[in-house]
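**Student:** Dumping the structure here so I can ask a few things about it.
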Protein chains: 2
Amino acid sequence: MLTNANPALTFRDEVRPTDGAAVRTIVESAGFFHPHEVEVAVELVQERLGKGRASGYLFLFAEVAGTVAGYTCFGEIPCTEGSYDLYWIAVDARLRGQGLGRELLRRSEETIAASGGRQVYIETSSRPLYDPTRAFYVRCGYHEAARLPDFYARGDAKVIYVRHLPPPAP
Amino acid sequence: MLTNANPALTFRDEVRPTDGAAVRTIVESAGFFHPHEVEVAVELVQERLGKGRASGYLFLFAEVAGTVAGYTCFGEIPCTEGSYDLYWIAVDARLRGQGLGRELLRRSEETIAASGGRQVYIETSSRPLYDPTRAFYVRCGYHEAARLPDFYARGDAKVIYVRHLPPPAP
């Protein structure tokens with residue numbers, strides 16, 4: 001597994017000006033996001049670079065031998081006490097199936113719990129295209145909390161997953 | 001009723017620089033929003049003034065004799081086809097119970113339907129403080145679509161209401 005004691009694998013939560021391009025490459029590599037969704041992913045990086053942590057967007061980047069291989073973007077939901085949204089999770093298509101997404105999610109949850117986060121929400125689509133994505137969330141300890149029919153489009157529901165985090169170790 | 005052929009009652013969807021202060025007054029008059037929630041309401045006006053309709057925020061203001069008496073703020077949810085959020089609805093506390101909120105909501109729904117909107121979502125809190133608010137939504141044709149326990153805080157769920165709009169008249 002890529003994530004098992006791979007000396008070339010590193011993680012960082014600092015955001016760099018080059019990350020906009022890295023995020024674009026990774027999200028486009030998934031091959032199923034709409035162009036406007038790719039733009040939204042890149043905009044969140046720009047927003048964070050412009051406003052810092054006050055943007056509300058936290059990032060975790062995984063790098064293999066110094067190149068971004070995957071990332072998460074998450075943040076506390078405004079007007080909540082300890083509820084977080086996972087806005088994005090994406091892994092370079094060439095590095096799928098090696099546990100990198102799971103490791104990114106696990107480490108992001110640790111950051112969230114250490115900041116007082118109680119639970120993490122993930123919103124996704126009910127389309128068959130997202131079957132593997134939803135199965136991944138379930139494997140990672142999430143369960144379906146709500147489903148809004150026809151939300152994204154006719155026949156395309158929004159599915160809301162949640163994971164209640166264990167309190168951080170004292 | 002205030003809304004029945006009251007010649008002093010007018011509506012406008014244009015947003016003016018003075019509306020930030022008007023929104024602050026009206027939202028504060030409700031007496032139960034947190035200060036940071038009031039700031040969010042005012043920020044949406046500023047965002048709209050800065051970016052125009054590209055901000056994604058549409059407004060409807062009700063004025064009585066030229067003074068803002070209530071308003072709605074709504075918009076199409078990004079990455080959806082025809083799903084709208086009602087972000088804010090508020091009426092000056094001194095003018096409650098006269099049907100102004102209902103009229104604002106009805107007219108906002110007309111605007112949404114005319115723009116191809118299929119449904120309107122409203123998110124609110126499960127706290128008893130919001131009992132009258134939720135009863136108002138139900139009277140206006142909304143039903144509970146989902147409930148996320150402990151979303152805002154422990155014991156304070158997010159309740160998501162939805163109304164499926166009839167297609168606009170041809």
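The chains in the structure tokens are called A, B, ... from first to last as shown; in each chain the residues are counted from 1, and the ligands are counted from 1 in the order shown.
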Given only C-alpha atoms, how would the per-residue table for chain B near chain A read, listing every residue at most 8 Å away with its closest atom pair and distance in Å to one decimal, sorted by chain and number, as CSV?
**Tutor:**
residue,atom,partner,partner_atom,distance
B:His36,CA,A:Cys79,CA,7.8
B:Glu37,CA,A:Cys79,CA,7.2
B:Cys79,CA,A:Tyr152,CA,6.7
B:Thr80,CA,A:Tyr152,CA,4.2
B:Glu81,CA,A:Ala153,CA,5.1
B:Gly82,CA,A:Ala153,CA,7.2
B:Ser83,CA,A:Phe151,CA,6.2
B:Ala145,CA,A:Leu148,CA,6.8
B:Ala146,CA,A:Ala146,CA,5.8
B:Arg147,CA,A:Ala146,CA,7.3
B:Leu148,CA,A:Ala145,CA,6.8
B:Phe151,CA,A:Ser83,CA,6.2
B:Tyr152,CA,A:Thr80,CA,4.2
B:Ala153,CA,A:Glu81,CA,5.1
**Student:** Present chain B as an mmCIF file with C-alpha atoms, in the first residue's frame, least-squares fitted onto chain A over all of its C-alpha atoms paired in order.
**Tutor:**
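What landed in selection35.cif:
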data_model
loop_
_atom_site.group_PDB
_atom_site.id
_atom_site.type_symbol
_atom_site.label_atom_id
_atom_site.label_comp_id
_atom_site.auth_asym_id
_atom_site.auth_seq_id
_atom_site.Cartn_x
_atom_site.Cartn_y
_atom_site.Cartn_z
ATOM 1 C CA MET B 1 -0.022 -0.036 -0.024
ATOM 2 C CA LEU B 2 1.126 3.462 -0.856
ATOM 3 C CA THR B 3 0.274 4.704 2.610
ATOM 4 C CA ASN B 4 2.150 2.038 4.575
ATOM 5 C CA ALA B 5 5.464 3.514 5.566
ATOM 6 C CA ASN B 6 6.125 4.971 2.141
ATOM 7 C CA PRO B 7 8.998 7.356 2.735
ATOM 8 C CA ALA B 8 8.084 9.399 -0.370
ATOM 9 C CA LEU B 9 4.570 10.133 0.989
ATOM 10 C CA THR B 10 4.183 13.364 2.980
ATOM 11 C CA PHE B 11 1.252 15.464 4.175
ATOM 12 C CA ARG B 12 0.945 19.203 4.672
ATOM 13 C CA ASP B 13 -1.893 21.562 5.653
ATOM 14 C CA GLU B 14 -0.138 24.714 4.433
ATOM 15 C CA VAL B 15 -1.602 26.061 1.169
ATOM 16 C CA ARG B 16 0.739 27.299 -1.581
ATOM 17 C CA PRO B 17 0.113 29.452 -4.670
ATOM 18 C CA THR B 18 0.874 26.441 -6.894
ATOM 19 C CA ASP B 19 -1.935 24.422 -5.276
ATOM 20 C CA GLY B 20 -4.609 25.949 -7.535
ATOM 21 C CA ALA B 21 -3.034 24.252 -10.541
ATOM 22 C CA ALA B 22 -2.432 21.028 -8.584
ATOM 23 C CA VAL B 23 -6.081 20.874 -7.488
ATOM 24 C CA ARG B 24 -7.230 21.469 -11.054
ATOM 25 C CA THR B 25 -5.098 18.596 -12.343
ATOM 26 C CA ILE B 26 -6.285 16.179 -9.674
ATOM 27 C CA VAL B 27 -9.976 17.053 -9.880
ATOM 28 C CA GLU B 28 -9.904 16.928 -13.690
ATOM 29 C CA SER B 29 -8.164 13.546 -13.522
ATOM 30 C CA ALA B 30 -11.296 12.108 -11.892
ATOM 31 C CA GLY B 31 -12.902 12.486 -15.321
ATOM 32 C CA PHE B 32 -16.450 13.056 -14.129
ATOM 33 C CA PHE B 33 -16.684 16.543 -12.665
ATOM 34 C CA HIS B 34 -18.389 19.278 -14.665
ATOM 35 C CA PRO B 35 -16.068 22.124 -15.715
ATOM 36 C CA HIS B 36 -17.921 24.479 -13.344
ATOM 37 C CA GLU B 37 -17.319 22.052 -10.474
ATOM 38 C CA VAL B 38 -13.591 22.079 -11.284
ATOM 39 C CA GLU B 39 -13.684 25.894 -11.165
ATOM 40 C CA VAL B 40 -15.352 25.786 -7.744
ATOM 41 C CA ALA B 41 -12.599 23.467 -6.445
ATOM 42 C CA VAL B 42 -9.889 25.861 -7.690
ATOM 43 C CA GLU B 43 -11.765 28.919 -6.333
ATOM 44 C CA LEU B 44 -11.689 27.470 -2.813
ATOM 45 C CA VAL B 45 -7.877 27.360 -3.014
ATOM 46 C CA GLN B 46 -7.780 31.001 -4.193
ATOM 47 C CA GLU B 47 -10.211 32.022 -1.453
ATOM 48 C CA ARG B 48 -7.967 30.375 1.116
ATOM 49 C CA LEU B 49 -4.816 31.976 -0.317
ATOM 50 C CA GLY B 50 -6.494 35.398 -0.241
ATOM 51 C CA LYS B 51 -8.108 35.258 3.194
ATOM 52 C CA GLY B 52 -6.041 32.681 5.066
ATOM 53 C CA ARG B 53 -7.775 30.504 7.654
ATOM 54 C CA ALA B 54 -10.468 33.196 8.015
ATOM 55 C CA SER B 55 -11.797 31.864 4.678
ATOM 56 C CA GLY B 56 -13.151 28.909 6.646
ATOM 57 C CA TYR B 57 -11.430 26.461 4.283
ATOM 58 C CA LEU B 58 -8.876 24.022 5.635
ATOM 59 C CA PHE B 59 -6.829 21.830 3.321
ATOM 60 C CA LEU B 60 -4.749 18.707 3.610
ATOM 61 C CA PHE B 61 -2.445 17.833 0.752
ATOM 62 C CA ALA B 62 -0.770 14.457 0.211
ATOM 63 C CA GLU B 63 2.428 14.582 -1.796
ATOM 64 C CA VAL B 64 4.350 11.715 -3.317
ATOM 65 C CA ALA B 65 7.979 12.619 -3.929
ATOM 66 C CA GLY B 66 7.036 16.307 -3.703
ATOM 67 C CA THR B 67 4.129 16.227 -6.175
ATOM 68 C CA VAL B 68 0.538 16.692 -4.983
ATOM 69 C CA ALA B 69 -1.203 13.313 -5.269
ATOM 70 C CA GLY B 70 -4.489 14.077 -3.508
ATOM 71 C CA TYR B 71 -6.153 16.495 -1.135
ATOM 72 C CA THR B 72 -9.101 17.282 1.080
ATOM 73 C CA CYS B 73 -10.837 20.614 1.664
ATOM 74 C CA PHE B 74 -13.037 20.955 4.726
ATOM 75 C CA GLY B 75 -14.223 23.494 7.263
ATOM 76 C CA GLU B 76 -16.532 24.247 10.145
ATOM 77 C CA ILE B 77 -20.031 25.024 8.894
ATOM 78 C CA PRO B 78 -20.864 28.674 9.694
ATOM 79 C CA CYS B 79 -23.334 29.155 12.557
ATOM 80 C CA THR B 80 -22.712 25.666 13.948
ATOM 81 C CA GLU B 81 -20.825 24.455 16.990
ATOM 82 C CA GLY B 82 -18.577 21.653 15.827
ATOM 83 C CA SER B 83 -20.232 20.534 12.579
ATOM 84 C CA TYR B 84 -17.835 20.285 9.652
ATOM 85 C CA ASP B 85 -18.339 19.834 5.939
ATOM 86 C CA LEU B 86 -15.949 17.873 3.787
ATOM 87 C CA TYR B 87 -16.127 20.021 0.659
ATOM 88 C CA TRP B 88 -13.710 18.051 -1.493
ATOM 89 C CA ILE B 89 -11.707 14.871 -1.459
ATOM 90 C CA ALA B 90 -9.837 13.850 -4.586
ATOM 91 C CA VAL B 91 -6.908 11.612 -5.447
ATOM 92 C CA ASP B 92 -4.931 11.580 -8.664
ATOM 93 C CA ALA B 93 -6.578 8.942 -10.860
ATOM 94 C CA ARG B 94 -3.246 7.154 -11.360
ATOM 95 C CA LEU B 95 -2.875 6.603 -7.611
ATOM 96 C CA ARG B 96 -6.332 5.257 -6.800
ATOM 97 C CA GLY B 97 -6.915 2.065 -4.868
ATOM 98 C CA GLN B 98 -3.846 2.423 -2.674
ATOM 99 C CA GLY B 99 -5.555 3.787 0.427
ATOM 100 C CA LEU B 100 -4.535 7.397 -0.108
ATOM 101 C CA GLY B 101 -8.110 8.754 0.008
ATOM 102 C CA ARG B 102 -8.824 6.864 3.189
ATOM 103 C CA GLU B 103 -5.635 8.179 4.796
ATOM 104 C CA LEU B 104 -6.434 11.761 3.742
ATOM 105 C CA LEU B 105 -9.925 11.448 5.211
ATOM 106 C CA ARG B 106 -8.658 9.882 8.461
ATOM 107 C CA ARG B 107 -6.085 12.629 8.967
ATOM 108 C CA SER B 108 -8.643 15.344 8.135
ATOM 109 C CA GLU B 109 -10.997 13.885 10.747
ATOM 110 C CA GLU B 110 -8.171 13.990 13.299
ATOM 111 C CA THR B 111 -7.664 17.685 12.587
ATOM 112 C CA ILE B 112 -11.405 18.288 12.902
ATOM 113 C CA ALA B 113 -11.707 16.395 16.193
ATOM 114 C CA ALA B 114 -8.676 18.217 17.604
ATOM 115 C CA SER B 115 -10.427 21.533 16.792
ATOM 116 C CA GLY B 116 -13.563 20.476 18.689
ATOM 117 C CA GLY B 117 -15.447 19.112 15.692
ATOM 118 C CA ARG B 118 -18.168 16.648 16.663
ATOM 119 C CA GLN B 119 -19.252 15.410 13.253
ATOM 120 C CA VAL B 120 -18.422 15.588 9.567
ATOM 121 C CA TYR B 121 -20.965 15.907 6.768
ATOM 122 C CA ILE B 122 -20.421 14.961 3.153
ATOM 123 C CA GLU B 123 -22.898 15.824 0.426
ATOM 124 C CA THR B 124 -22.912 13.876 -2.787
ATOM 125 C CA SER B 125 -25.053 12.813 -5.693
ATOM 126 C CA SER B 126 -27.286 9.753 -5.957
ATOM 127 C CA ARG B 127 -26.249 9.136 -9.563
ATOM 128 C CA PRO B 128 -24.730 5.711 -10.367
ATOM 129 C CA LEU B 129 -21.523 7.555 -11.357
ATOM 130 C CA TYR B 130 -21.029 8.198 -7.645
ATOM 131 C CA ASP B 131 -21.685 4.617 -6.473
ATOM 132 C CA PRO B 132 -17.967 4.001 -5.764
ATOM 133 C CA THR B 133 -17.715 7.370 -3.993
ATOM 134 C CA ARG B 134 -20.648 6.611 -1.705
ATOM 135 C CA ALA B 135 -19.352 3.093 -1.027
ATOM 136 C CA PHE B 136 -16.020 4.673 -0.051
ATOM 137 C CA TYR B 137 -17.725 6.940 2.502
ATOM 138 C CA VAL B 138 -19.575 3.994 4.027
ATOM 139 C CA ARG B 139 -16.306 2.029 4.293
ATOM 140 C CA CYS B 140 -14.842 5.043 6.081
ATOM 141 C CA GLY B 141 -17.541 5.015 8.774
ATOM 142 C CA TYR B 142 -20.124 7.388 7.301
ATOM 143 C CA HIS B 143 -23.836 6.696 7.097
ATOM 144 C CA GLU B 144 -26.647 8.254 5.117
ATOM 145 C CA ALA B 145 -28.359 10.941 7.226
ATOM 146 C CA ALA B 146 -30.722 12.395 4.624
ATOM 147 C CA ARG B 147 -31.681 12.231 0.959
ATOM 148 C CA LEU B 148 -33.266 15.104 -0.979
ATOM 149 C CA PRO B 149 -34.870 13.805 -4.193
ATOM 150 C CA ASP B 150 -34.340 15.760 -7.428
ATOM 151 C CA PHE B 151 -31.990 18.178 -5.651
ATOM 152 C CA TYR B 152 -29.218 18.486 -8.249
ATOM 153 C CA ALA B 153 -31.549 17.784 -11.181
ATOM 154 C CA ARG B 154 -34.578 15.647 -11.909
ATOM 155 C CA GLY B 155 -33.696 12.118 -10.816
ATOM 156 C CA ASP B 156 -30.464 13.255 -9.159
ATOM 157 C CA ALA B 157 -30.844 13.407 -5.376
ATOM 158 C CA LYS B 158 -28.520 14.947 -2.836
ATOM 159 C CA VAL B 159 -27.379 12.348 -0.334
ATOM 160 C CA ILE B 160 -26.013 13.651 2.958
ATOM 161 C CA TYR B 161 -23.587 11.434 4.838
ATOM 162 C CA VAL B 162 -22.432 11.997 8.374
ATOM 163 C CA ARG B 163 -19.834 10.568 10.688
ATOM 164 C CA HIS B 164 -19.928 11.285 14.400
ATOM 165 C CA LEU B 165 -16.334 11.563 15.521
ATOM 166 C CA PRO B 166 -15.010 10.017 18.698
ATOM 167 C CA PRO B 167 -13.745 12.693 21.105
ATOM 168 C CA PRO B 168 -10.009 13.334 20.662
ATOM 169 C CA ALA B 169 -7.656 11.431 22.928
ATOM 170 C CA PRO B 170 -6.937 13.483 26.096
#
**Student:** Check the DSSP output for the backbone and give back, as a ChimeraX atom specification, the residues of chain B in strand (DSSP E).
**Tutor:** /B:9-12,58-64,67-76,83-91,119-125,143-153,156-164
